[in-house]
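Here's the structure, in structure tokens; my notes come after.
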Amino acid sequence: MNDTPSMGDLFGGEAAGGWLNMPRGDLNAPQGVDIAVLGIGSATPYPVGSYCHDAPDAIRAARSWPTILEQHDFDLFGVEPSDGVLPDGVTAADFGNLDTVADAAPEVTENNRAVIRGAVTGLLDAGSVPFVLGGDDSVPIPVLESYCGIDGGPISILQIDAHIDWRDEVGGETQGLSSNMRRASDMAHVGKIVQLGARGIGSARKSDVQAALDYGVAFHTMRNLIEPDGIARAVAELPEGVPVYIALDVDSMDPVVMPAVIGAAQGGLSYWQMMQIFEAIAARAPICGFNMVELMPARDVNGQGALMASRLGLSMLGMIARQRAAAK
């Protein structure tokens with residue numbers, strides 16, 4: 001038995017609600033929720049297995065003690081006193097995990113994608129910002145497909161990832177985790193795609209890179225980002241004021257601070273660099289959706305990966321909440 005106390009023990013025990021002790025949401029009645037958290041364990045896994053299926057609950061368990069959202073967050077507010085992460089009048093709810101199946105059979109994955117599209121479309125129709133806890137990197141494909149009717153205009157995508165995900169197919173599968181940006185480029189409602197953090201070897205062939213360039217992707221590799229003002233230059237590629245969907249793969253971070261991934265690559269982002277990126281995006285354009293994928297609990301080290309993922313999610317939650325408050 002492990003008798004080591006947790007932060008939850010120190011601050012009042014286990015949370016009774018959802019992630020960050022949010023109230024639970026109901027997908028059958030999603031109205032009135034500004035930010036809707038949704039766990040999606042699988043969409044279209046490869047035959048090797050759905051290795052991130054348990055990630056949403058690992059992220060929830062890492063940081064969910066009672067009153068956490070009511071406490072001052074120095075990373076978001078510095079020393080300016082605050083009443084908590086969510087401004088008055090802004091609501092967030094955890095809608096739990098979708099009933100998707102960790103199986104690569106085509107009939108299963110087709111149903112997974114339909115379930116995801118149905119849930120996300122319902123949240124968008126209710127006026128919520130979908131906030132997705134994945135799951136592997138095939139999850140963003142059906143999520144992004146659901147944006148076809150948002151405000152009648154295009155959306156931008158900002159991907160933060162060690163890998164560019166422009167494969168047309170892998171072993172005959174066109175909807176898998178290696179193809180999410182390629183499939184996004186096929187969607188009529190997707191405009192500018194900006195991709196940050198690519199590095200290392202193994203995520204693309206020559207034809208994949210060329211296809212992305214032909215589409216008009218703005219690539220800012222990790223080497224570019226660490227240059228003076230590299231982050232500011234990268235985010236400035238987003239069309240100002242156009243709704244942006246943020247697709248975050250946690251292997252964009254350096255494995256020293258994010259060990260819980262299958263595709264670790266040295267030389268990745270630090271926590272504070274990620275915060276700079278988040279803040280720059282929030283100042284540039286309204287955030288219409290967010291996903292965090294590719295956390296692999298089986299490879300975590302003392303829960304540090306899940307804790308970092310939950311911290312990143314909390315920061316993004318606060319930034320979207322401020323946008324929503326300003327728009328009210």
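Scheme for the structure tokens: letters A, B, ... for chains in order shown; per-chain residue numbers from 1; ligand numbers from 1 in order shown.
Near Gly197 of chain A, within 9 Å and counting only C-alpha atoms, sit A:Gln159, A:Ile160, A:Asp161, A:Ala162, A:His163, A:Ile164, A:Phe219, A:His220, A:Thr221, A:Met222, A:Arg223, A:Asn224, A:Leu225, A:Ser252, A:Met253, A:Gly268, A:Leu269; same-chain residues fewer than 3 positions away were not included.
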Which parts of segment 85-296 of chain A does DSSP call helix (DSSP H, G or I) when run on the backbone here, written out as an MDAnalysis selection string? chainID A and resid 106:125 140:152 180:185 206:215 222:225 230:235 250:252 271:284
Long-range neighbours of Ala36 of chain A as a PyMOL selection string, 9 Å cut-off, only C-alpha atoms, 6 positions minimum in chain: chain A and resi 25+30+91-95+123+128-132
Resulting file, chosen residues, N, CA and C atoms, as an mmCIF file, in the first residue's frame:
data_model
loop_
_atom_site.group_PDB
_atom_site.id
_atom_site.type_symbol
_atom_site.label_atom_id
_atom_site.label_comp_id
_atom_site.auth_asym_id
_atom_site.auth_seq_id
_atom_site.Cartn_x
_atom_site.Cartn_y
_atom_site.Cartn_z
ATOM 1 N N GLY A 25 -21.054 17.151 -17.362
ATOM 2 C CA GLY A 25 -21.956 17.575 -18.421
ATOM 3 C C GLY A 25 -22.734 16.405 -18.978
ATOM 4 N N PRO A 30 -26.349 19.769 -23.717
ATOM 5 C CA PRO A 30 -25.080 20.476 -23.539
ATOM 6 C C PRO A 30 -25.192 21.990 -23.450
ATOM 7 N N THR A 91 -18.471 29.132 -17.885
ATOM 8 C CA THR A 91 -18.723 27.799 -17.356
ATOM 9 C C THR A 91 -17.918 26.752 -18.116
ATOM 10 N N ALA A 92 -17.511 25.717 -17.405
ATOM 11 C CA ALA A 92 -16.844 24.565 -18.010
ATOM 12 C C ALA A 92 -17.420 23.310 -17.381
ATOM 13 N N ALA A 93 -17.552 22.264 -18.175
ATOM 14 C CA ALA A 93 -18.064 20.996 -17.679
ATOM 15 C C ALA A 93 -17.318 19.849 -18.344
ATOM 16 N N ASP A 94 -17.229 18.738 -17.623
ATOM 17 C CA ASP A 94 -16.579 17.531 -18.121
ATOM 18 C C ASP A 94 -17.668 16.562 -18.561
ATOM 19 N N PHE A 95 -17.712 16.281 -19.863
ATOM 20 C CA PHE A 95 -18.750 15.416 -20.420
ATOM 21 C C PHE A 95 -18.345 13.946 -20.434
ATOM 22 N N LEU A 123 -21.927 19.641 -29.418
ATOM 23 C CA LEU A 123 -21.306 20.666 -28.577
ATOM 24 C C LEU A 123 -21.162 21.985 -29.335
ATOM 25 N N SER A 128 -20.606 25.625 -27.470
ATOM 26 C CA SER A 128 -19.463 25.315 -26.609
ATOM 27 C C SER A 128 -18.173 25.251 -27.418
ATOM 28 N N VAL A 129 -17.054 25.452 -26.744
ATOM 29 C CA VAL A 129 -15.738 25.189 -27.320
ATOM 30 C C VAL A 129 -15.350 23.759 -26.939
ATOM 31 N N PRO A 130 -15.262 22.837 -27.905
ATOM 32 C CA PRO A 130 -14.844 21.465 -27.579
ATOM 33 C C PRO A 130 -13.385 21.429 -27.113
ATOM 34 N N PHE A 131 -13.158 20.719 -26.021
ATOM 35 C CA PHE A 131 -11.844 20.631 -25.384
ATOM 36 C C PHE A 131 -11.574 19.142 -25.196
ATOM 37 N N VAL A 132 -10.822 18.558 -26.130
ATOM 38 C CA VAL A 132 -10.711 17.103 -26.238
ATOM 39 C C VAL A 132 -9.453 16.583 -25.553
#
Do you know which residues are at most 8 Å from Leu20 of chain A counting only C-alpha atoms, after dropping those on the same chain fewer than 4 positions away, and could you put them as number ranges by chain? A: 15, 60, 63-66, 68-69
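For the pair atom CA of Gln266 of chain A and atom CA of Asp254 of chain A, the separation is 5.9 Å.
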